[in-house]
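Here is the structure we will look at.
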Amino acid sequence: MSVEGKGRGPLKLGPVRLGERGKPKAAEKAPEGKVGGKPGAKAGGDKAAGAKSRGERSRAEKPRGERSWVGKARGGDSRWNDGQAQELVRELGERGVAADLAFRVYATRLIGGERRLVAQGEDGSTSVKTRIKDVTGESVNVLCIQGRGVDMAEITVAGLPALRLEPLRALDRLQQLAGEDQARIQRRNMLEPEAPEGPAEALMHAFLPQRYIDHCHASAVLALTNQADGEALCREVFGESLAVVPYARPGFELAKAAKAAFDANPEIEGLILIKHGIVTFGDDARESYERLASLVDLAERRLRKGKRRVFAPVELPRRLAEPAGIAPILRGALALSEGIGDRYRRCVLTFRSSEAIREFVNGIELSRYALAGPATPQNLPFTKPWPVILPAPELGRRAAFASAARRAIEDYAADYRSYFRRHAQRLTSGERLNDPLPRVALVRGLGFFAAGQDAAVAAATADLMEATIDTIAGAESLGRFESLEEEQVFDAEYTQAGARARWETEARPLAGQVAVVTGGAGAIGRATARAFHAQGAEVALVDLDLDGMRSFAQAIRALAIRCDVTDEAALAQAFERVCETFGGLDILVSNAGATWQGRIGEVEEAELRQSFELNFFAHYRAAKAAVGIMLQQGTGGALLFNTSRQAISPSAGAGPYGLPNAATLALVRQFAVDYGVDGIRANAVSAEGVRSGVLTEETIAKRALARGVSTEELLRDNLLHREVHADDVARVFVDLALADKTTAAIVNVDGGNIASALR
């Protein structure tokens with residue numbers, strides 16, 4: 001028996017700019033020459049050893065779900081290591097990178113590796129002022145600042161784009177500057193136009209004179225600033241070492257306020273930005289970093305003096321549904337209709353839960369503190385102004401929860417549109433309404449779901465929501481959490497430089513969609529997974545051969561699930577795992593299969609039944625499970641099957657393989673007939689002559705020898721005289737997934753074979 005494919009294990013989250021946090025790296029991973037460059041036995045869906053789900057992160061500082069200030073005092077611990085720092089300086093120096101920039105990279109990685117300082121990779125900004133030669137060879141003063149979208153924990157020199165400093169400082173003479181004008185000026189003064197854009201805080205870094213500047217939104221600090229008496233509390237905790245800056249809109253206004261505070265007292269070591277964050281600076285990278293770590297430690301010490309029990313609990317149902325059971329309902333409710341037929345802009349979900357999170361969502365006063373507003377305006381591009389609150393999902397009452405959830409999300413969208421209308425007249429540049437749906441759903445009894453256009457953004461949103469929960473819990477332990485005024489929230493959401501950039505990037509065709517590929521370890525399965533990933537889909541690979549998928553899944557950041565697709569219980573667990581990880585699915589590529597040979601009147605019945613189990617019933621069970629999820633989502637979907645020409649043009653001795661494939665062709669059409677009304681399409685690809693687990697090199701050689709031709713001639717024995725590759729099959733699967741008005745189709749990918757052409 002030869003097998004095409006056989007299958008969890010996720011792996012590092014999302015795009016390279018949003019990787020996992022860990023210890024500072026000793027060396028860069030990519031060359032740096034200049035600043036600002038382009039950046040056998042059955043298995044029941046068991047977890048790969050050592051694998052982490054996408055809802056888990058590697059954190060140097062604390063276990064998931066534990067608040068950063070809980071436990072022993074840190075005593076201003078510094079993670080600075082002179083040996084590591086000097087090693088990085090040496091290695092980057094060999095590539096022509098100046099020492100001051102190398103120290104900037106090292107310190108930024110330290111900050112990014114501590115959850116108590118940053119919730120996720122972009123949650124702050126760091127900079128260094130230095131001199132660099134421009135394209136003409138002239139040495140110019142520049143601000144090298146962490147670019148937007150760059151993960152602090154994994155930053156390289158390319159993630160610190162250089163902006164001409166003097167033109168930015170000249171803006172201090174102005175009295176006002178619109179956010180879009182600031183963004184244009186920053187872009188115009190970049191030495192490398194293709195580098196990541198600078199953040200909204202770039203002007204603050206430019207206006208302040210210190211060489212090294214660190215800025216973050218530490219939850220412990222925000223718990224102090226986000227109080228009615230936040231200024232007084234911060235002065236009590238930090239004394240005269242820091243200036244307290246009243247809230248100012250991120251961008252030009254904040255830069256002016258920060259500069260004024262420094263000018264009033266040039267001896268300060270940093271700034272507390274009310275309802276925004278903290279800034280430290282120094283003459284060298286270590287001084288600024290260690291000031292930041294020490295000051296956040298002071299805030300944590302103060303929070304440890306607050307009350308331990310913060311949220312009084314609400315009464316919950318005795319038995320609750322599992323997160324995977326309700327995730328497709330939420331994902332469907334969060335899909336935004338594009339107004340063209342049944343097309344939707346879908347999202348990926350990630351689920352988070354811990355004791356601290358459940359205490360938060362189960363609080364009697366949840367609507368008061370959770371809907372008060374953001375902990376910091378910098379969260380708005382991810383979390384939006386407030387989450388949606390959903391009731392506890394009682395086990396066995398899925399329909400009731402679905403109805404309540406959809407109603408709550410519809411009410412949220414109506415409230416968001418009203419919020420926009422209340423303030424839209426203050427906009428001067430014709431900004432349009434953002435997507436009105438929530439990014440975070442708090443579910444009583446369980447935890448919360450975070451949404452994003454891909455898994456990385458969903459995870460970043462979840463990280464920021466966890467940090468917000470930490471902030472609110474800390475604030476409530478001392479007094480009462482207080483956010484920005486609604487007008488301030490709106491201004492920050494719609495007018496600060498770059499606030500909308502994350503959602504205005506051109507989405508790939510399958511962004512927000514989830515594809516499951518069975519037979520994921522085989523040639524066609526891997527090619528198909530790669531093709532769907534390239535079009536923006538999140539991918540789950542299902543196969544018995546976990547080792548065969550592991551490194552490949554890591555390379556495309558896919559979920560890998562070890563599963564025997566002929567085991568109905570294991571297959572159900574695999575789909576449950578997909579829902580836990582991504583919130584649901586939109587595309588099934590049922591690709592697993594194997595060949596059995598023999599004349600049909602002589603083959604053992606047991607062998608025939610084995611072939612039907614894998615080549616028919618596995619397709620049926622996978623499609624049945626996928627349809628169940630798609631119906632919960634209510635946004636349609638695509639069922640795609642890999643069949644064989646044996647179903648259309650049988651060969652002698654191939655009956656045990658061809659018969660179940662013929663049944664699968666009928667199955668495709670039946671799914672198309674039964675579920676077209678639900679927007680679920682069913683199509684098949686009939687591939688032939690593809691080097692794979694079904695057509696092995698050994699089989700190819702035997703067939704070529706028997707026919708007296710070369711292997712190349714054998715594989716090109718079709719109307720086009722071209723060999724068919726796994727990538728060719730994969731492209732057709734993608735095309736069928738995108739063909740939203742095509743169903744019940746069988747497409748041959750065989751180079752042309754009249755005998756197997758449907759007629």
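Chain labels A, B, ... are given in the sequence in which chains occur in the structure tokens; within each chain residues are numbered consecutively from 1, and ligands are likewise numbered from 1 in the order shown.
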
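Excluding A:Glu365 itself and any same-chain residue fewer than 5 positions from it, the protein and nucleic acid residues within 9 Å of it, counting only C-alpha atoms, are Phe311, Ala312, Pro313, Val314 and Ala370 of chain A.
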
Report task. Within 12 Å of A:Ile600, counting only C-alpha atoms, which residues show up once you throw out same-chain ones fewer than 2 positions away? Write them as a count of residues only, please. Result -> 19

Just want the 7 Å neighbourhood of stretch 685-701 of chain A, counted on only C-alpha atoms, with same-chain residues fewer than 3 positions away dropped. Output as an mmCIF file with all heavy atoms, in the first residue's frame.
data_model
loop_
_atom_site.group_PDB
_atom_site.id
_atom_site.type_symbol
_atom_site.label_atom_id
_atom_site.label_comp_id
_atom_site.auth_asym_id
_atom_site.auth_seq_id
_atom_site.Cartn_x
_atom_site.Cartn_y
_atom_site.Cartn_z
ATOM 1 N N SER A 2 0.626 2.157 -0.893
ATOM 2 C CA SER A 2 1.340 3.434 -0.897
ATOM 3 C C SER A 2 0.391 4.529 -0.479
ATOM 4 O O SER A 2 -0.782 4.500 -0.801
ATOM 5 C CB SER A 2 1.931 3.726 -2.276
ATOM 6 O OG SER A 2 0.926 3.737 -3.248
ATOM 7 N N VAL A 3 0.886 5.492 0.258
ATOM 8 C CA VAL A 3 0.022 6.483 0.900
ATOM 9 C C VAL A 3 0.427 7.892 0.500
ATOM 10 O O VAL A 3 1.612 8.216 0.450
ATOM 11 C CB VAL A 3 0.098 6.350 2.440
ATOM 12 C CG1 VAL A 3 -0.783 7.375 3.097
ATOM 13 C CG2 VAL A 3 -0.300 4.954 2.865
ATOM 14 N N GLU A 4 -0.567 8.730 0.193
ATOM 15 C CA GLU A 4 -0.321 10.167 -0.020
ATOM 16 C C GLU A 4 -0.676 10.872 1.265
ATOM 17 O O GLU A 4 -1.845 11.068 1.595
ATOM 18 C CB GLU A 4 -1.194 10.681 -1.174
ATOM 19 C CG GLU A 4 -1.294 12.188 -1.219
ATOM 20 C CD GLU A 4 0.019 12.878 -1.407
ATOM 21 O OE1 GLU A 4 1.004 12.251 -1.814
ATOM 22 O OE2 GLU A 4 0.086 14.070 -1.128
ATOM 23 N N GLY A 5 0.315 11.240 2.023
ATOM 24 C CA GLY A 5 0.032 11.953 3.250
ATOM 25 C C GLY A 5 -0.394 11.012 4.345
ATOM 26 O O GLY A 5 -0.783 9.902 4.115
ATOM 27 N N GLY A 522 2.059 14.617 2.928
ATOM 28 C CA GLY A 522 2.394 14.205 1.569
ATOM 29 C C GLY A 522 2.729 15.365 0.661
ATOM 30 O O GLY A 522 2.578 16.538 1.014
ATOM 31 N N ALA A 523 3.158 15.026 -0.535
ATOM 32 C CA ALA A 523 3.604 16.052 -1.482
ATOM 33 C C ALA A 523 2.482 17.011 -1.839
ATOM 34 O O ALA A 523 2.661 18.236 -1.828
ATOM 35 C CB ALA A 523 4.157 15.373 -2.737
ATOM 36 N N ILE A 524 1.304 16.479 -2.190
ATOM 37 C CA ILE A 524 0.192 17.349 -2.558
ATOM 38 C C ILE A 524 -0.316 18.109 -1.341
ATOM 39 O O ILE A 524 -0.653 19.297 -1.437
ATOM 40 C CB ILE A 524 -0.938 16.533 -3.218
ATOM 41 C CG1 ILE A 524 -0.455 15.986 -4.570
ATOM 42 C CG2 ILE A 524 -2.190 17.375 -3.399
ATOM 43 C CD1 ILE A 524 -1.463 15.084 -5.276
ATOM 44 N N ALA A 594 -4.793 6.459 -0.246
ATOM 45 C CA ALA A 594 -3.786 5.434 -0.497
ATOM 46 C C ALA A 594 -4.317 4.485 -1.559
ATOM 47 O O ALA A 594 -5.524 4.410 -1.804
ATOM 48 C CB ALA A 594 -3.452 4.668 0.777
ATOM 49 N N THR A 595 -3.410 3.741 -2.229
ATOM 50 C CA THR A 595 -3.812 2.823 -3.299
ATOM 51 C C THR A 595 -3.824 1.381 -2.807
ATOM 52 O O THR A 595 -2.973 0.978 -2.012
ATOM 53 C CB THR A 595 -2.857 2.936 -4.494
ATOM 54 O OG1 THR A 595 -1.519 2.638 -4.064
ATOM 55 C CG2 THR A 595 -2.911 4.326 -5.105
ATOM 56 N N PHE A 641 -12.082 18.057 -2.536
ATOM 57 C CA PHE A 641 -11.687 16.652 -2.426
ATOM 58 C C PHE A 641 -10.648 16.317 -3.487
ATOM 59 O O PHE A 641 -10.747 16.766 -4.637
ATOM 60 C CB PHE A 641 -12.901 15.743 -2.628
ATOM 61 C CG PHE A 641 -14.007 15.958 -1.641
ATOM 62 C CD1 PHE A 641 -14.933 16.986 -1.822
ATOM 63 C CD2 PHE A 641 -14.142 15.143 -0.523
ATOM 64 C CE1 PHE A 641 -15.963 17.192 -0.921
ATOM 65 C CE2 PHE A 641 -15.174 15.343 0.384
ATOM 66 C CZ PHE A 641 -16.082 16.362 0.193
ATOM 67 N N ASN A 642 -9.679 15.486 -3.106
ATOM 68 C CA ASN A 642 -8.699 14.972 -4.051
ATOM 69 C C ASN A 642 -9.146 13.570 -4.458
ATOM 70 O O ASN A 642 -9.180 12.655 -3.636
ATOM 71 C CB ASN A 642 -7.306 14.928 -3.413
ATOM 72 C CG ASN A 642 -6.222 14.640 -4.439
ATOM 73 O OD1 ASN A 642 -6.505 14.380 -5.606
ATOM 74 N ND2 ASN A 642 -4.973 14.687 -4.003
ATOM 75 N N THR A 643 -9.520 13.423 -5.727
ATOM 76 C CA THR A 643 -9.957 12.122 -6.219
ATOM 77 C C THR A 643 -8.972 11.636 -7.282
ATOM 78 O O THR A 643 -7.881 12.185 -7.427
ATOM 79 C CB THR A 643 -11.383 12.210 -6.798
ATOM 80 O OG1 THR A 643 -11.384 13.107 -7.909
ATOM 81 C CG2 THR A 643 -12.359 12.715 -5.755
ATOM 82 N N SER A 644 -9.365 10.641 -8.017
ATOM 83 C CA SER A 644 -8.449 10.040 -8.989
ATOM 84 C C SER A 644 -9.162 9.807 -10.312
ATOM 85 O O SER A 644 -10.386 9.627 -10.360
ATOM 86 C CB SER A 644 -7.938 8.704 -8.452
ATOM 87 O OG SER A 644 -7.305 7.949 -9.471
ATOM 88 N N ARG A 645 -8.397 9.776 -11.416
ATOM 89 C CA ARG A 645 -8.987 9.450 -12.719
ATOM 90 C C ARG A 645 -9.545 8.035 -12.727
ATOM 91 O O ARG A 645 -10.368 7.684 -13.582
ATOM 92 C CB ARG A 645 -7.955 9.611 -13.814
ATOM 93 C CG ARG A 645 -6.948 8.465 -13.904
ATOM 94 C CD ARG A 645 -6.230 8.472 -15.252
ATOM 95 N NE ARG A 645 -5.261 7.403 -15.337
ATOM 96 C CZ ARG A 645 -5.552 6.165 -15.740
ATOM 97 N NH1 ARG A 645 -6.779 5.834 -16.068
ATOM 98 N NH2 ARG A 645 -4.599 5.244 -15.809
ATOM 99 N N ALA A 704 7.506 2.725 -16.004
ATOM 100 C CA ALA A 704 8.298 3.147 -17.164
ATOM 101 C C ALA A 704 9.014 1.954 -17.782
ATOM 102 O O ALA A 704 9.069 1.803 -19.019
ATOM 103 C CB ALA A 704 9.295 4.223 -16.742
ATOM 104 N N LEU A 705 9.566 1.080 -16.934
ATOM 105 C CA LEU A 705 10.265 -0.107 -17.426
ATOM 106 C C LEU A 705 9.306 -1.020 -18.176
ATOM 107 O O LEU A 705 9.630 -1.537 -19.254
ATOM 108 C CB LEU A 705 10.904 -0.842 -16.253
ATOM 109 C CG LEU A 705 11.716 -2.094 -16.605
ATOM 110 C CD1 LEU A 705 12.917 -1.714 -17.492
ATOM 111 C CD2 LEU A 705 12.204 -2.791 -15.325
ATOM 112 N N THR A 711 11.323 7.549 -17.388
ATOM 113 C CA THR A 711 10.376 8.063 -16.387
ATOM 114 C C THR A 711 9.826 9.419 -16.809
ATOM 115 O O THR A 711 8.659 9.723 -16.575
ATOM 116 C CB THR A 711 11.050 8.178 -15.010
ATOM 117 O OG1 THR A 711 12.207 9.025 -15.110
ATOM 118 C CG2 THR A 711 11.464 6.817 -14.482
ATOM 119 N N LEU A 715 5.796 10.358 -17.391
ATOM 120 C CA LEU A 715 5.082 11.416 -16.684
ATOM 121 C C LEU A 715 4.576 12.502 -17.628
ATOM 122 O O LEU A 715 3.714 13.298 -17.241
ATOM 123 C CB LEU A 715 5.987 12.030 -15.608
ATOM 124 C CG LEU A 715 6.358 11.078 -14.455
ATOM 125 C CD1 LEU A 715 7.373 11.723 -13.535
ATOM 126 C CD2 LEU A 715 5.113 10.672 -13.668
ATOM 127 N N VAL A 724 2.949 16.879 -14.551
ATOM 128 C CA VAL A 724 2.095 17.560 -13.582
ATOM 129 C C VAL A 724 2.752 17.466 -12.203
ATOM 130 O O VAL A 724 3.160 16.384 -11.778
ATOM 131 C CB VAL A 724 0.689 16.926 -13.546
ATOM 132 C CG1 VAL A 724 -0.191 17.636 -12.511
ATOM 133 C CG2 VAL A 724 0.042 16.985 -14.920
ATOM 134 N N HIS A 725 2.849 18.613 -11.528
ATOM 135 C CA HIS A 725 3.495 18.666 -10.219
ATOM 136 C C HIS A 725 2.472 18.919 -9.113
ATOM 137 O O HIS A 725 1.341 19.368 -9.376
ATOM 138 C CB HIS A 725 4.550 19.776 -10.198
ATOM 139 C CG HIS A 725 5.634 19.591 -11.219
ATOM 140 N ND1 HIS A 725 6.674 18.723 -11.041
ATOM 141 C CD2 HIS A 725 5.815 20.166 -12.443
ATOM 142 C CE1 HIS A 725 7.472 18.765 -12.102
ATOM 143 N NE2 HIS A 725 6.961 19.627 -12.977
ATOM 144 N N ALA A 726 2.890 18.660 -7.887
ATOM 145 C CA ALA A 726 2.006 18.880 -6.737
ATOM 146 C C ALA A 726 1.558 20.340 -6.666
ATOM 147 O O ALA A 726 0.412 20.625 -6.295
ATOM 148 C CB ALA A 726 2.713 18.475 -5.444
ATOM 149 N N VAL A 729 -1.554 21.008 -8.726
ATOM 150 C CA VAL A 729 -2.780 20.579 -8.046
ATOM 151 C C VAL A 729 -3.166 21.594 -6.972
ATOM 152 O O VAL A 729 -4.336 21.970 -6.837
ATOM 153 C CB VAL A 729 -2.587 19.182 -7.424
ATOM 154 C CG1 VAL A 729 -3.871 18.711 -6.735
ATOM 155 C CG2 VAL A 729 -2.148 18.175 -8.483
ATOM 156 N N ILE A 746 -15.797 18.949 -11.043
ATOM 157 C CA ILE A 746 -14.639 18.062 -10.948
ATOM 158 C C ILE A 746 -13.635 18.556 -11.986
ATOM 159 O O ILE A 746 -13.932 18.599 -13.194
ATOM 160 C CB ILE A 746 -15.003 16.586 -11.211
ATOM 161 C CG1 ILE A 746 -15.840 16.023 -10.052
ATOM 162 C CG2 ILE A 746 -13.737 15.751 -11.358
ATOM 163 C CD1 ILE A 746 -17.309 16.232 -10.191
ATOM 164 N N VAL A 747 -12.489 18.979 -11.536
ATOM 165 C CA VAL A 747 -11.473 19.562 -12.413
ATOM 166 C C VAL A 747 -10.313 18.584 -12.555
ATOM 167 O O VAL A 747 -9.705 18.178 -11.553
ATOM 168 C CB VAL A 747 -10.965 20.907 -11.851
ATOM 169 C CG1 VAL A 747 -9.903 21.487 -12.776
ATOM 170 C CG2 VAL A 747 -12.122 21.882 -11.680
ATOM 171 N N ASN A 748 -9.995 18.210 -13.790
ATOM 172 C CA ASN A 748 -8.858 17.327 -14.039
ATOM 173 C C ASN A 748 -7.561 18.133 -14.057
ATOM 174 O O ASN A 748 -7.485 19.176 -14.703
ATOM 175 C CB ASN A 748 -9.017 16.617 -15.381
ATOM 176 C CG ASN A 748 -10.149 15.599 -15.361
ATOM 177 O OD1 ASN A 748 -10.648 15.247 -14.299
ATOM 178 N ND2 ASN A 748 -10.548 15.135 -16.531
ATOM 179 N N VAL A 749 -6.573 17.640 -13.352
ATOM 180 C CA VAL A 749 -5.230 18.226 -13.386
ATOM 181 C C VAL A 749 -4.297 17.082 -13.777
ATOM 182 O O VAL A 749 -3.699 16.419 -12.926
ATOM 183 C CB VAL A 749 -4.843 18.839 -12.030
ATOM 184 C CG1 VAL A 749 -3.495 19.558 -12.149
ATOM 185 C CG2 VAL A 749 -5.911 19.799 -11.535
ATOM 186 N N ASP A 750 -4.228 16.822 -15.075
ATOM 187 C CA ASP A 750 -3.514 15.637 -15.554
ATOM 188 C C ASP A 750 -2.748 15.875 -16.849
ATOM 189 O O ASP A 750 -2.281 14.933 -17.483
ATOM 190 C CB ASP A 750 -4.496 14.476 -15.737
ATOM 191 C CG ASP A 750 -5.660 14.814 -16.664
ATOM 192 O OD1 ASP A 750 -5.608 15.885 -17.306
ATOM 193 O OD2 ASP A 750 -6.617 14.017 -16.732
#

I'd like the neighbourhood of stretch 263-274 of chain A as a CSV table (one decimal) with N, CA, C and O atoms, in the first residue's frame, where a residue qualifies if any of its atoms comes within 8 Å (using only C-alpha atoms), though same-chain residues fewer than 3 positions away should be ignored.
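So selection21.csv came out as:
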chain,number,residue,atom,x,y,z
A,222,LEU,N,0.1,51.8,34.3
A,222,LEU,CA,-1.2,52.2,33.9
A,222,LEU,C,-2.2,52.0,35.0
A,222,LEU,O,-3.2,52.8,35.1
A,225,THR,N,-1.9,55.3,36.8
A,225,THR,CA,-2.2,56.5,36.1
A,225,THR,C,-3.7,56.5,35.8
A,225,THR,O,-4.3,57.6,35.6
A,226,ASN,N,-4.4,55.4,35.6
A,226,ASN,CA,-5.8,55.3,35.3
A,226,ASN,C,-6.7,55.3,36.5
A,226,ASN,O,-7.5,54.4,36.7
A,230,GLY,N,-4.9,59.9,39.6
A,230,GLY,CA,-3.7,59.3,39.1
A,230,GLY,C,-2.4,60.1,39.2
A,230,GLY,O,-1.4,59.6,39.5
A,231,GLU,N,-2.6,61.4,39.0
A,231,GLU,CA,-1.4,62.3,39.0
A,231,GLU,C,-0.8,62.3,40.4
A,231,GLU,O,0.4,62.2,40.6
A,234,CYS,N,0.8,58.9,41.3
A,234,CYS,CA,2.1,58.7,40.6
A,234,CYS,C,3.2,59.6,41.3
A,234,CYS,O,4.4,59.1,41.4
A,240,GLU,N,10.2,62.8,42.9
A,240,GLU,CA,10.6,63.9,41.9
A,240,GLU,C,11.4,63.4,40.8
A,240,GLU,O,11.9,64.2,40.0
A,241,SER,N,11.7,62.1,40.7
A,241,SER,CA,12.6,61.6,39.7
A,241,SER,C,11.9,61.6,38.3
A,241,SER,O,12.6,61.6,37.3
A,242,LEU,N,10.6,61.6,38.3
A,242,LEU,CA,9.8,61.6,37.0
A,242,LEU,C,8.9,62.8,37.0
A,242,LEU,O,8.4,63.3,38.0
A,243,ALA,N,8.7,63.3,35.8
A,243,ALA,CA,7.6,64.4,35.6
A,243,ALA,C,6.3,63.7,35.2
A,243,ALA,O,6.4,62.7,34.4
A,244,VAL,N,5.2,64.2,35.8
A,244,VAL,CA,3.9,63.6,35.4
A,244,VAL,C,3.3,64.5,34.4
A,244,VAL,O,3.1,65.7,34.6
A,245,VAL,N,3.0,63.9,33.2
A,245,VAL,CA,2.4,64.6,32.1
A,245,VAL,C,1.0,64.3,31.9
A,245,VAL,O,0.6,63.1,31.8
A,246,PRO,N,0.1,65.3,32.1
A,246,PRO,CA,-1.4,65.0,31.9
A,246,PRO,C,-1.6,64.4,30.5
A,246,PRO,O,-0.8,64.6,29.6
A,247,TYR,N,-2.7,63.8,30.3
A,247,TYR,CA,-3.0,63.1,29.1
A,247,TYR,C,-3.0,64.0,27.9
A,247,TYR,O,-3.5,65.2,28.0
A,258,ALA,N,5.4,66.4,26.4
A,258,ALA,CA,6.6,65.8,27.0
A,258,ALA,C,7.8,66.7,27.0
A,258,ALA,O,8.6,66.8,28.0
A,259,LYS,N,8.0,67.4,25.9
A,259,LYS,CA,9.1,68.4,25.8
A,259,LYS,C,8.9,69.5,26.8
A,259,LYS,O,9.9,69.9,27.5
A,260,ALA,N,7.7,70.0,27.0
A,260,ALA,CA,7.5,71.0,28.0
A,260,ALA,C,7.8,70.5,29.4
A,260,ALA,O,8.4,71.3,30.2
A,277,GLY,N,1.3,55.7,29.6
A,277,GLY,CA,2.5,54.9,29.8
A,277,GLY,C,3.6,55.6,30.5
A,277,GLY,O,3.4,56.5,31.3
A,278,ILE,N,4.8,55.1,30.3
A,278,ILE,CA,6.0,55.6,30.9
A,278,ILE,C,7.1,55.8,29.9
A,278,ILE,O,7.2,55.0,28.9
A,279,VAL,N,8.0,56.8,30.2
A,279,VAL,CA,9.1,57.0,29.3
A,279,VAL,C,10.4,57.2,30.2
A,279,VAL,O,10.3,57.9,31.3
A,280,THR,N,11.4,56.5,29.8
A,280,THR,CA,12.7,56.8,30.5
A,280,THR,C,13.8,57.1,29.5
A,280,THR,O,13.6,56.8,28.3
A,281,PHE,N,14.9,57.7,29.9
A,281,PHE,CA,15.9,58.1,29.0
A,281,PHE,C,17.3,58.1,29.7
A,281,PHE,O,17.3,58.0,30.9
A,282,GLY,N,18.3,58.1,28.9
A,282,GLY,CA,19.7,58.1,29.5
A,282,GLY,C,20.7,58.3,28.4
A,282,GLY,O,20.4,58.3,27.2
A,291,ARG,N,16.6,52.1,34.3
A,291,ARG,CA,15.6,53.0,34.9
A,291,ARG,C,14.2,52.5,34.7
A,291,ARG,O,13.3,52.6,35.6

Within 12 Å of stretch 178-187 of chain A, which residues of stretch 202-235 of chain A show up? Give each one with its shortest atom-to-atom distance in Å (one decimal) and the two atoms involved, counting only C-alpha atoms, rows by chain then rising residue number, as CSV.
residue,atom,partner,partner_atom,distance
A:Ala202,CA,A:Gln186,CA,8.2
A:Leu203,CA,A:Gln182,CA,8.5
A:Met204,CA,A:Gln182,CA,11.8
A:Ala206,CA,A:Gln186,CA,11.0

I need the chosen residues saved as a PDB file, in the first residue's frame, with all heavy atoms.
ATOM      1  N   ALA A 202       7.099  58.991  17.493  1.00  0.00           N
ATOM      2  CA  ALA A 202       8.400  59.381  16.945  1.00  0.00           C
ATOM      3  C   ALA A 202       8.739  60.830  17.270  1.00  0.00           C
ATOM      4  O   ALA A 202       9.896  61.152  17.587  1.00  0.00           O
ATOM      5  CB  ALA A 202       8.421  59.153  15.433  1.00  0.00           C
ATOM      6  N   LEU A 203       7.764  61.726  17.217  1.00  0.00           N
ATOM      7  CA  LEU A 203       8.055  63.129  17.514  1.00  0.00           C
ATOM      8  C   LEU A 203       8.427  63.322  18.976  1.00  0.00           C
ATOM      9  O   LEU A 203       9.262  64.174  19.293  1.00  0.00           O
ATOM     10  CB  LEU A 203       6.853  64.009  17.151  1.00  0.00           C
ATOM     11  CG  LEU A 203       6.553  64.158  15.657  1.00  0.00           C
ATOM     12  CD1 LEU A 203       5.450  65.188  15.453  1.00  0.00           C
ATOM     13  CD2 LEU A 203       7.802  64.562  14.883  1.00  0.00           C
ATOM     14  N   MET A 204       7.814  62.562  19.874  1.00  0.00           N
ATOM     15  CA  MET A 204       8.196  62.661  21.279  1.00  0.00           C
ATOM     16  C   MET A 204       9.662  62.265  21.446  1.00  0.00           C
ATOM     17  O   MET A 204      10.436  62.939  22.146  1.00  0.00           O
ATOM     18  CB  MET A 204       7.310  61.761  22.147  1.00  0.00           C
ATOM     19  CG  MET A 204       7.684  61.764  23.626  1.00  0.00           C
ATOM     20  SD  MET A 204       6.655  60.650  24.614  1.00  0.00           S
ATOM     21  CE  MET A 204       7.235  59.047  24.033  1.00  0.00           C
ATOM     22  N   ALA A 206      11.928  62.480  19.202  1.00  0.00           N
ATOM     23  CA  ALA A 206      12.752  63.497  18.542  1.00  0.00           C
ATOM     24  C   ALA A 206      12.856  64.764  19.380  1.00  0.00           C
ATOM     25  O   ALA A 206      13.941  65.369  19.481  1.00  0.00           O
ATOM     26  CB  ALA A 206      12.170  63.821  17.168  1.00  0.00           C
TER      27      ALA A 206
END

Requested in this report: Please measure the separation of atom CA of A:Gly113 and atom CA of A:Asp470, giving the value in Å to one decimal.
Outcome: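 Atom CA of A:Asp470 lies 17.6 Å from atom CA of A:Gly113.
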
**Report entry** Within 10 Å of A:Ala458 using only C-alpha atoms, minus same-chain residues under 2 positions, as number ranges by chain
**Finding:** A: 13-14, 54-55, 347-351, 382-383, 439-440, 449-456, 460-464, 582
